[in-house]
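Structure, as structure tokens:
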Amino acid sequence: MPEAGDPEVRDALVVGAGATGLAAAWSLARNGRRVALLEASPRIGGNLHSERAGEWQIEHGPNTVIMKPPLYALLQELSLLDEARPADDASRKRFIALNGHPVPLPTRLWNAPGNPLLGWEGWAGLLREPFVGRGPSDEESLADFVTRRLGPRIMDRLVDPFVSGVYAGDPQRLSAKAAMPRLVALEQAHGSLIRGGLARLFRGARQGPAVPREWRGRLLSFPSGLQRLAERLGEVITARSNATLACNCRIERIAREDDHWLAEDDAGRRWRARELLLAVPAHVAARLLAPVDAALAEPLAEIVYPPVNVVSLGFRRADIGHPLDGFGLLIPRVEQRQTLGVLFPSSLFPHRAPEGHHLLNVFLGGRRSPQITDEDDATQIGQAIADLGDLLNIRGAPVWQRVVRWPRAIPQYEIGHLDRVAAIDAALTHHPGLSLAGNWRDGIAVGDCLENGRRIGEQIAAR
């Protein structure tokens with residue numbers, strides 16, 4: 001571990017060992033650059049955090065990651081593909097609450113016409129969509145965009161719960177262009193989401209898959225949980241003689257000195273490098289950058305991270321009437337319940353619960369109901385059971401429980417987000433050797449973070 005005043009100047013410092021920072025550090029190391037990866041907490045992985053408690057296994061953060069070409073290539077590179085496990089076929093089935101009942105989303109086109117989630121209003125919105133003109137030049141909220149193109153039924157019954165499940169966000173505040181850029185791009189390129197979607201399907205079929213058929217589009221994890229991916233990245237980084245990984249290293253100050261960057265932690269240890277990448281939450285980057293450049297720190301500080309609590313509940317199988325034969329259940333706001341949604345981990349992967357038991361992961365809080373997360377554990381558990389009792393036909397008390405709190409959970413890509421990112425990028429041009437990355441830009445999913453981290457690592461290595 002470097003001591004205070006260590007004169008060594010590395011090629012790069014990466015602050016933050018979440019998915020983005022790990023991927024960036026690995027990219028730098030494999031490109032021969034001398035890199036130090038510094039993490040404030042005792043463990044790497046950020047929100048990739050799996051926990052085993054006896055026969056129960058839970059995820060504090062994401063439960064799965066979707067297999068796309070960049071992830072497939074990374075798993076091959078890490079010799080991790082053999083350890084990966086696809087989710088059970090039940091993961092293809094998703095439920096949405098409708099008038100107090102869990103209704104499965106149609107998984108086949110021919111099942112869609114009679115599905116009550118759409119209703120006649122939803123079908124009317126779909127039929128008129130190809131004839132709706134392009135939207136205004138001003139930035140639209142996601143709610144306004146979807147309602148304009150598809151109607152209020154699809155917004156309230158399908159998109160709203162999806163936004164709650166992915167962002168824990170408010171579609172009235174989220175920017176359509178920032179949060180769902182592909183939808184906006186389809187409208188701009190084709191004048192219609194339906195026409196654009198068909199064109200994309202045809203183009204994808206002609207290009208051919210970059211992932212073997214058995215893995216294509218599958219959700220995956222690992223026997224010990226998704227944290228294994230972070231652990232493996234840590235292993236290959238520390239195996240390199242040109243790379244250093246330090247945990248319990250909370251950076252308190254950064255500064256530009258001559259032709260390099262200095263980072264100093266709370267114990268007075270110092271690291272120096274020609275390139276500095278802050279792969280940390282936006283508010284952490286804002287705190288570090290405020291003494292360096294207020295114009296750079298200000299838009300970072302404006303990015304909102306609402307609280308989300310994960311309530312894990314274990315039940316005897318006989319005490320839940322619903323078969324839990326799916327990925328999970330999302331609850332639209334119009335259902336007037338506090339719970340955002342629930343996942344069924346023990347239906348997706350083996351050994352997540354003892355034999356004869358079910359595990360539920362329930363999500364509370366988010367942008368629209370942050371106050372519920374301040375309540376004590378007993379209140380959280382009670383709220384989850386009250387919201388899900390009739391939906392899942394829960395007939396008994398949980399035999400195991402755990403509450404995980406994320407005071408700042410998921411960054412919100414709200415109206416003005418792209419302007420904030422543009423202001424950040426413009427301010428960065430005044431600070432040579434400084435880069436910023438994280439799930440506050442360019443996608444919040446684990447796969448996005450890994451790919452963005454790899455990309456910025458390669459860009460830094462090429463300089």
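Going through the structure tokens in order, the chains are called A, B, and so on, while each chain numbers its residues from 1 and the ligands are numbered from 1 in the order shown.
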
Can I get the residues of segment 285-379 of chain A within 10 Å of segment 167-173 of chain A, each with the closest pair of atoms and their distance in Å to one decimal, using only C-alpha atoms, sorted chain first then ascending number, as a tab-separated table?
residue	atom	partner	partner_atom	distance
A:Tyr305	CA	A:Gly169	CA	9.5
A:Pro306	CA	A:Ala168	CA	7.8
A:Pro307	CA	A:Ala168	CA	8.8
A:Val308	CA	A:Ala168	CA	7.6
A:Arg333	CA	A:Asp170	CA	9.8
A:Leu340	CA	A:Ala168	CA	7.3
A:Gly341	CA	A:Ala168	CA	9.6
A:Phe363	CA	A:Ala168	CA	8.7
A:Leu364	CA	A:Ala168	CA	8.7
A:Gly365	CA	A:Ala168	CA	7.5
A:Gly366	CA	A:Ala168	CA	4.5
A:Arg367	CA	A:Gly169	CA	5.0
A:Arg368	CA	A:Asp170	CA	6.2
A:Ser369	CA	A:Ala168	CA	9.4
A:Pro370	CA	A:Ala168	CA	9.9

Could you name the residues that touch Val236 of chain A at 9 Å or less, counting only C-alpha atoms, but leaving out those on the same chain fewer than 4 positions away, as a list in words? Trp26, Leu78, Glu231, Arg232 and Arg240 of chain A

Name all residues at most 9 Å from Glu139 of chain A (count only C-alpha atoms; drop same-chain ones fewer than 4 positions away) and give them as a ChimeraX atom specification. /A:175-177,415-416

Within 7 Å of Asn31 of chain A, counting only C-alpha atoms, which residues qualify if same-chain residues fewer than 3 places away don't, as a tab-separated table (two decimals) with C-alpha atoms, in the first residue's frame?
chain	number	residue	atom	x	y	z
A	27	SER	CA	-9.25	-2.72	-19.61
A	28	LEU	CA	-6.35	-0.49	-18.61
A	461	ALA	CA	-5.19	3.53	-22.51

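Of the residues under consideration (A:Pro136, A:Pro223, A:Pro69, A:Pro332), A:Pro332 shows the shortest atom-to-atom contact distance to Ala97 of chain A when counting only C-alpha atoms.
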
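Considering only C-alpha atoms, the residue among A:Leu391, A:Val342, A:Ala243, A:Leu288 positioned nearest to Ala263 of chain A is A:Leu288.
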
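Picture a line from atom CA of His430 of chain A to atom CA of Leu37 of chain A; it runs 24.0 Å.
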
Exercise: Ala437 of chain A partners within 12 Å, only C-alpha atoms, chain neighbours under 5 positions left out, as a ChimeraX atom specification: /A:14-24,276-282,284-285,300,421,424-425,428,442-444,448-457
